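Visitor: For reference, the structure I am asking about is given below.
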Amino acid sequence: MEDEVAASTRQALRRPEFEMPQNGLEPSALSRNDALLVALMDNKLSTNALETILSTAPRMAELFLDAGAGDADELMEVIVSCALDPKEDVEATIHDKKFAWRGKLGLCGEKSPLGSWGQEPPTQGCLEAVSSCVLARMNALKRQVPISIRGQDASLFVLRDKVQVERELRDRAPIASFEACTTGGTDGREERDCGWQAAYVGRCEPKHSVTLEREPLFEDQTMVRVCKGIYGCNHGQPDVASSRALPYYAGFVAGFAEKEKISFPCPPGGLFSVMLASPDLKKELPPELDVRPSPGTPAKYPAREEDVFTYREGSFFGDIFRGPKDQYACYSDIWSHGKAHLTDRLCAGPSDEGCLLHEPYPCRAAPNGDAVTAPAYTQLCFGEGEAPGSAYLDCEGEQRVRPPWQHGITVFLSDPCALSSDSKLCLLANGCAHSECTTGAALDERCSPVVESVCAEEPHCCSSRWDDKCVAAVKTAAKSLQCVEGTCGHTLSTAGGALTPGCDAPTLSSPGCVARICATDPYCCASAWDSICVNEAESVCALATCSHDECATGAALFADCSSLAKSICDVDPYCCTTAWDGLCVREVQTVGRQTCR
C-alpha cells in the first residue's frame with residue numbers, strides 16, 4: 001500500500017523550472033519588517049549571516065514567529081525566491097522552530113551580472129532588482145496570482161517555453177485532483193478526483209474546436225482532463241464562484257478516458273489547461289509524457305510564457321531596503337483607469353489612495369480614462385523593448401530627482417482581472433480598455449454587442465489582439481457605422497458637416513458609402529450630413545446585406561455586405577464592380593478559406 005500511495009504522490013510532483021512566480025505578498029510586510037530589511041542590506045543572504053543578525057537582535061527574531069499578515073517569514077520567502085538560484089537555500093531556527101526559504105529566480109545568483117548575494121553583501125543593482133521583484137509580487141487582496149516578470153536586463157528574465165498548470169486556486173485552496181489517492185489498484189474512471197498530474201497550459205481561439213493527440217506509445221495508458229484557464233480542476237467542477245475567486249477563471253471543460261478522442265471547444269479567454277493520469281494507481285507517468293495538437297488544430301500547446309501572460313499590467317521599481325520613499329509603480333496602456341487598478345491591487349480598494357506614498361502614473365502614455373488626473377506628458381518610463389511583450393525601460397519617480405532606475409520589473413498577467421477586488425467592475429473597465437474603433441489589446445466579448453458580433457466572426461479579436469481586421473469588422477460583421485473612416489470629419493452615423501465623396505477610403509472593390517449616398521442625395525455632400533443622410537447611410541451601408549449568397553453567381557456584391565465579400569473583392573474587384581461570377585464563387589474557398597455547401 002505504501003508504494004501505491006508513493007507512486008500516486010509522485011504523479012503530482014511539481015516541475016519547478018516551469019512554475020510561475022506568485023503574486024501574494026501582503027504590502028504591510030515592508031513596514032512591519034523595516035529593521036530586517038536594513039540588516040539584510042549590509043550582509044550576505046545566507047544561513048550563517050541571518051543567524052548572526054537574529055542572534056544580535058532578539059526582537060527582530062520575534063517577527064518570524066508572528067503568523068499574522070505580512071510577517072517576516074512571508075517577506076523572507078519572497079526575497080530569497082527573487083534573489084537566489086534554485087539550488088540555494090537560507091535557513092533559520094528560532095525558539096526551536098525551523099524556517100527554510102529556497103531561491104528561484106536568481107536575480108542575484110551565482111552567475112548574475114548584479115553580483116552573488118549569497119556569497120557577498122549585495123550590490124546596489126542587486127538591491128534594486130530584488131526590490132522591484134518584491135514590489136511586483138505584492139497585493140493586498142490576500143490572493144495568490146501567477147505572474148510573468150520581465151526586466152531591463154533580458155539575460156536575467158529568460159521566458160519559459162511552457163507554463164505548468166496551477167495546483168491551487170487564487171484563494172490558496174488546493175485542487176483535490178492533484179492529491180495522492182488513498183487506495184491502490186486500478187481506477188480507469190476519468191471522473192476520479194485524485195492522483196492527477198499537472199501538464200501544461202495551451203492557447204487557442206475561443207469557440208473554435210481543439211483536438212489533441214496522445215503519444216502513440218501511451219495512448220492506452222493515459223486519461224486526459226481539460227480545464228479552463230491556467231488552473232487545474234476536479235471532474236465536472238463548475239466555474240469557481242466565491243468572494244475571493246472570480247467566477248470565470250477556472251473550471252472543468254472536458255474529460256477523456258484512455259484511447260478516447262480528445263476534442264473540446266476552446267474556452268472563453270483562449271487558455272486551457274491539461275491534466276494527465278494513469279488508470280493504474282501504481283504506475284507513474286513518464287515526465288516526458290504529454291499530448292500535442294492534432295495537425296491543423298488552431299492551438300498552441302504547450303504555449304510559451306509570452307503567449308499565456310499577454311496583459312502588461314505595469315512596472316514596479318525602487319529600493320525597499322531604504323524605506324517607502326523609493327518605492328514606485330506605474331500602469332500600462334491597457335487600463336482605462338490604471339491609477340484605480342494599482343490602488344486596488346496595493347491597497348485592497350480603489351478609493352484607498354492614502355496608502356501609497358507615491359501616486360501611480362502611466363508608464364508611458366496616459367490612457368483617455370485618466371486624462372484629467374494624469375496628463376499625457378506625465379509618464380514615468382522613457383523606453384520599452386521593441387518586441388511585443390517587452391518590459392518598460394528607464395523608469396523614474398515623478399519628482400525626477402535622480403537618474404532613472406535601471407532594474408525595474410514589468411508584470412504581465414494571464415487575466416486582466418486577476419488582481420481586481422471587483423470582477424464585474426474590472427470587466428467593464430478593462431475588458432473594454434479602448435474603443436472598438438481603435439487597435440489595441442483584445443476586448444472582452446461582454447464589452448458591447450458590437451464586440452460580441454465582431455468576435456463571433458473574428459475570434460482572435462477577443463483572445464489575442466484587436467487589430468485592423470477587428471476594426472474593419474465593426475462595419476462588416478457588426479453592421480455599425482460608429483467608427484470614423486478615412487478622412488471623413490465625423491462618423492457616418494453622426495449628423496454634422498457635409499462629407500466628401502470618397503472620404504471613407506473607397507477601394508476598387510467598393511465605391512464607398514459616402515459616394516453611394518451622395519449619388520442619390522447630393523445634399524449630404526453639398527450642404528450638410530443631416531439626420532436623413534444618417535438614416536440613408538445606416539440602411540444602405542451599415543445594414544447592407546448581400547443580395548445573394550457568396551456561393552451563388554449573380555449581380556456584383558457590395559464589399560461591406562460581409563467580411564467574406566470584402567476579402568474576395570479586395571483581391572478581385574470585378575466581383576464587386578461588375579458581376580459575381582463563377583471565379584468569385586471559387587474564391588470563397590481559395591481566398592476566404594470557407595467552403596460552399
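Chain labels A, B, ... are given in the sequence in which chains occur in the C-alpha cells; within each chain residues are numbered consecutively from 1, and ligands are likewise numbered from 1 in the order shown.
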Pick out each residue of stretch 77-315 of chain A that DSSP on the backbone tags as strand (DSSP E); I need them as a ChimeraX atom specification.

Guide: /A:89-94,97-102,145-146,148-151,197-204,209-214,223-228,252-256,262-265,271-277,291-293,299-300,311-315

Visitor: For A:Thr439, list every protein, DNA or RNA residue within 8 Å, evaluated using only C-alpha atoms, and leave out those in the same chain fewer than 3 positions away; present the list as a list in words.

Guide: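 Near neighbours after the sequence-gap exclusion: His434, Glu436, Arg465, Trp466, Asp467, Asp468, Cys470 and Val471 of chain A.
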
Visitor: Leaving out A:Cys551 and any residue of its chain fewer than 6 positions from it, which residues lie within 9 Å of it when counting only C-alpha atoms, given as an NGL selection string?

Guide: :A and (582 or 584-586 or 588 or 595-597)

Visitor: Work out how far apart atom CA of A:Val90 and atom CA of A:Lys142 are and give it in Å to one decimal.

Guide: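 Computed distance, atom CA of A:Val90 to atom CA of A:Lys142, equals 25.0 Å.
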
Visitor: So the first atom is atom CA of A:Gly118 and the second is atom CA of A:His407; what is the distance between them in Å, to one decimal place?

Guide: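 These two atoms are separated by 19.0 Å.
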
Visitor: Considering only C-alpha atoms, state which residue in the set A:Val163, A:Cys417, A:Leu169, A:Ala180 is at the smallest distance from A:Lys300.

Guide: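 Of the candidates, the smallest distance to A:Lys300 is held by A:Val163.
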
Visitor: Leaving out A:Ala515 and any residue of its chain fewer than 5 positions from it, which residues lie within 10 Å of it when counting only C-alpha atoms, given as a PyMOL selection string?

Guide: chain A and resi 499-504+506+510+520-522+524-525

Visitor: Okay, now the selection with N, CA and C atoms, as a PDB file, in the first residue's frame?

Guide:
```pdb
ATOM      1  N   LEU A 499     -20.022  65.788 -46.030  1.00  0.00           N
ATOM      2  CA  LEU A 499     -18.885  64.901 -46.247  1.00  0.00           C
ATOM      3  C   LEU A 499     -18.501  64.888 -47.716  1.00  0.00           C
ATOM      4  N   THR A 500     -17.287  64.511 -47.963  1.00  0.00           N
ATOM      5  CA  THR A 500     -16.769  64.487 -49.334  1.00  0.00           C
ATOM      6  C   THR A 500     -16.822  63.070 -49.886  1.00  0.00           C
ATOM      7  N   PRO A 501     -17.359  62.881 -51.092  1.00  0.00           N
ATOM      8  CA  PRO A 501     -17.363  61.536 -51.667  1.00  0.00           C
ATOM      9  C   PRO A 501     -15.946  60.952 -51.683  1.00  0.00           C
ATOM     10  N   GLY A 502     -15.823  59.740 -51.193  1.00  0.00           N
ATOM     11  CA  GLY A 502     -14.520  59.096 -51.144  1.00  0.00           C
ATOM     12  C   GLY A 502     -13.770  59.282 -49.848  1.00  0.00           C
ATOM     13  N   CYS A 503     -14.322  60.098 -48.898  1.00  0.00           N
ATOM     14  CA  CYS A 503     -13.600  60.316 -47.640  1.00  0.00           C
ATOM     15  C   CYS A 503     -13.524  59.049 -46.797  1.00  0.00           C
ATOM     16  N   ASP A 504     -14.418  58.087 -47.039  1.00  0.00           N
ATOM     17  CA  ASP A 504     -14.414  56.851 -46.275  1.00  0.00           C
ATOM     18  C   ASP A 504     -13.541  55.786 -46.941  1.00  0.00           C
ATOM     19  N   PRO A 506     -12.637  54.646 -50.151  1.00  0.00           N
ATOM     20  CA  PRO A 506     -13.150  53.629 -51.067  1.00  0.00           C
ATOM     21  C   PRO A 506     -12.007  52.858 -51.713  1.00  0.00           C
ATOM     22  N   SER A 510     -15.075  48.696 -53.903  1.00  0.00           N
ATOM     23  CA  SER A 510     -16.272  49.334 -53.350  1.00  0.00           C
ATOM     24  C   SER A 510     -16.171  50.833 -53.537  1.00  0.00           C
ATOM     25  N   THR A 520     -27.263  59.702 -54.845  1.00  0.00           N
ATOM     26  CA  THR A 520     -28.726  59.771 -54.868  1.00  0.00           C
ATOM     27  C   THR A 520     -29.246  60.948 -54.032  1.00  0.00           C
ATOM     28  N   ASP A 521     -28.436  61.481 -53.131  1.00  0.00           N
ATOM     29  CA  ASP A 521     -28.845  62.595 -52.282  1.00  0.00           C
ATOM     30  C   ASP A 521     -27.672  63.566 -52.166  1.00  0.00           C
ATOM     31  N   PRO A 522     -27.478  64.409 -53.204  1.00  0.00           N
ATOM     32  CA  PRO A 522     -26.321  65.316 -53.244  1.00  0.00           C
ATOM     33  C   PRO A 522     -26.238  66.252 -52.045  1.00  0.00           C
ATOM     34  N   CYS A 524     -26.196  65.730 -49.034  1.00  0.00           N
ATOM     35  CA  CYS A 524     -25.328  65.211 -47.961  1.00  0.00           C
ATOM     36  C   CYS A 524     -23.870  65.585 -48.170  1.00  0.00           C
ATOM     37  N   CYS A 525     -23.474  65.817 -49.437  1.00  0.00           N
ATOM     38  CA  CYS A 525     -22.086  66.174 -49.719  1.00  0.00           C
ATOM     39  C   CYS A 525     -21.934  67.631 -50.136  1.00  0.00           C
TER      40      CYS A 525
END
```

Visitor: Using only C-alpha atoms, determine which residues lie at most 10 Å from stretch 294-297 of chain A, disregarding the query and same-chain residues fewer than 6 positions distant; provide the list as a PDB file with N, CA and C atoms, in the first residue's frame.

Guide:
```pdb
ATOM      1  N   CYS A 204      -5.637  28.938 -27.476  1.00  0.00           N
ATOM      2  CA  CYS A 204      -6.498  28.603 -28.608  1.00  0.00           C
ATOM      3  C   CYS A 204      -7.411  29.781 -28.927  1.00  0.00           C
ATOM      4  N   HIS A 208     -13.529  27.967 -31.093  1.00  0.00           N
ATOM      5  CA  HIS A 208     -13.049  27.044 -32.105  1.00  0.00           C
ATOM      6  C   HIS A 208     -12.802  25.678 -31.462  1.00  0.00           C
ATOM      7  N   SER A 209     -12.896  24.635 -32.251  1.00  0.00           N
ATOM      8  CA  SER A 209     -12.672  23.282 -31.745  1.00  0.00           C
ATOM      9  C   SER A 209     -11.179  22.993 -31.653  1.00  0.00           C
ATOM     10  N   VAL A 210     -10.772  22.373 -30.549  1.00  0.00           N
ATOM     11  CA  VAL A 210      -9.378  21.997 -30.331  1.00  0.00           C
ATOM     12  C   VAL A 210      -9.303  20.473 -30.272  1.00  0.00           C
ATOM     13  N   THR A 211      -8.378  19.888 -30.996  1.00  0.00           N
ATOM     14  CA  THR A 211      -8.176  18.441 -30.972  1.00  0.00           C
ATOM     15  C   THR A 211      -6.726  18.159 -30.616  1.00  0.00           C
ATOM     16  N   LEU A 212      -6.532  17.316 -29.597  1.00  0.00           N
ATOM     17  CA  LEU A 212      -5.198  16.944 -29.140  1.00  0.00           C
ATOM     18  C   LEU A 212      -4.975  15.457 -29.359  1.00  0.00           C
ATOM     19  N   GLU A 213      -3.715  15.056 -29.401  1.00  0.00           N
ATOM     20  CA  GLU A 213      -3.351  13.647 -29.585  1.00  0.00           C
ATOM     21  C   GLU A 213      -2.435  13.199 -28.456  1.00  0.00           C
ATOM     22  N   ARG A 214      -2.589  11.941 -28.036  1.00  0.00           N
ATOM     23  CA  ARG A 214      -1.661  11.345 -27.070  1.00  0.00           C
ATOM     24  C   ARG A 214      -0.416  10.834 -27.787  1.00  0.00           C
ATOM     25  N   ILE A 262      -9.593  13.259 -28.049  1.00  0.00           N
ATOM     26  CA  ILE A 262      -9.559  14.470 -27.224  1.00  0.00           C
ATOM     27  C   ILE A 262      -9.961  15.660 -28.087  1.00  0.00           C
ATOM     28  N   SER A 263     -11.189  16.081 -27.981  1.00  0.00           N
ATOM     29  CA  SER A 263     -11.680  17.214 -28.755  1.00  0.00           C
ATOM     30  C   SER A 263     -12.633  18.026 -27.886  1.00  0.00           C
TER      31      SER A 263
END
```

Visitor: Which residue gives the smallest distance to A:Leu36 among A:Gly314, A:Gly103, A:Gly323, A:Gly125, with only C-alpha atoms counted?

Guide: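 Under the stated criterion, the closest residue is A:Gly323.
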
Visitor: Fewer than 6 positions away in the same chain doesn't count, so skip those; otherwise give me all residues within 10 Å of A:Leu481, counting only C-alpha atoms, as a list in words.

Guide: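 Answer for this query is Cys437, Val474, Lys475, Thr491, Leu492, Ser493, Thr494, Val534, Ala537, Glu538, Cys541, Ala542 and Leu543 of chain A.
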
Visitor: What's around A:Ala528 at 9 Å? Count only C-alpha atoms, leave out sequence neighbours fewer than 5 positions away in its own chain, and write the answer as an mmCIF file with all heavy atoms, in the first residue's frame.

Guide:
```cif
data_model
loop_
_atom_site.group_PDB
_atom_site.id
_atom_site.type_symbol
_atom_site.label_atom_id
_atom_site.label_comp_id
_atom_site.auth_asym_id
_atom_site.auth_seq_id
_atom_site.Cartn_x
_atom_site.Cartn_y
_atom_site.Cartn_z
ATOM 1 N N ALA A 495 -24.790 63.174 -37.310
ATOM 2 C CA ALA A 495 -25.086 64.361 -38.120
ATOM 3 C C ALA A 495 -23.970 65.383 -37.951
ATOM 4 O O ALA A 495 -23.377 65.504 -36.873
ATOM 5 C CB ALA A 495 -26.420 64.959 -37.708
ATOM 6 N N GLY A 496 -23.672 66.114 -39.016
ATOM 7 C CA GLY A 496 -22.599 67.095 -38.949
ATOM 8 C C GLY A 496 -22.413 67.772 -40.289
ATOM 9 O O GLY A 496 -23.337 67.861 -41.108
ATOM 10 N N GLY A 497 -21.199 68.248 -40.516
ATOM 11 C CA GLY A 497 -20.912 68.938 -41.757
ATOM 12 C C GLY A 497 -20.979 68.008 -42.957
ATOM 13 O O GLY A 497 -20.928 66.780 -42.833
ATOM 14 N N ALA A 498 -21.100 68.606 -44.145
ATOM 15 C CA ALA A 498 -21.144 67.823 -45.379
ATOM 16 C C ALA A 498 -19.880 66.991 -45.518
ATOM 17 O O ALA A 498 -18.785 67.433 -45.148
ATOM 18 C CB ALA A 498 -21.299 68.761 -46.570
ATOM 19 N N LEU A 499 -20.022 65.788 -46.030
ATOM 20 C CA LEU A 499 -18.885 64.901 -46.247
ATOM 21 C C LEU A 499 -18.501 64.888 -47.716
ATOM 22 O O LEU A 499 -19.308 65.227 -48.593
ATOM 23 C CB LEU A 499 -19.213 63.491 -45.771
ATOM 24 C CG LEU A 499 -19.481 63.334 -44.271
ATOM 25 C CD1 LEU A 499 -19.833 61.887 -43.933
ATOM 26 C CD2 LEU A 499 -18.272 63.791 -43.447
ATOM 27 N N TYR A 523 -27.362 66.534 -51.399
ATOM 28 C CA TYR A 523 -27.384 67.451 -50.258
ATOM 29 C C TYR A 523 -26.365 67.034 -49.189
ATOM 30 O O TYR A 523 -25.747 67.880 -48.546
ATOM 31 C CB TYR A 523 -28.792 67.482 -49.663
ATOM 32 C CG TYR A 523 -28.949 68.416 -48.488
ATOM 33 C CD1 TYR A 523 -29.300 69.753 -48.677
ATOM 34 C CD2 TYR A 523 -28.749 67.968 -47.182
ATOM 35 C CE1 TYR A 523 -29.438 70.617 -47.592
ATOM 36 C CE2 TYR A 523 -28.884 68.814 -46.093
ATOM 37 C CZ TYR A 523 -29.228 70.137 -46.301
ATOM 38 O OH TYR A 523 -29.367 70.990 -45.241
ATOM 39 N N CYS A 533 -29.419 61.891 -44.035
ATOM 40 C CA CYS A 533 -28.209 61.239 -44.555
ATOM 41 C C CYS A 533 -27.781 60.097 -43.637
ATOM 42 O O CYS A 533 -27.347 59.028 -44.100
ATOM 43 C CB CYS A 533 -27.072 62.251 -44.670
ATOM 44 S SG CYS A 533 -27.475 63.721 -45.641
#
```
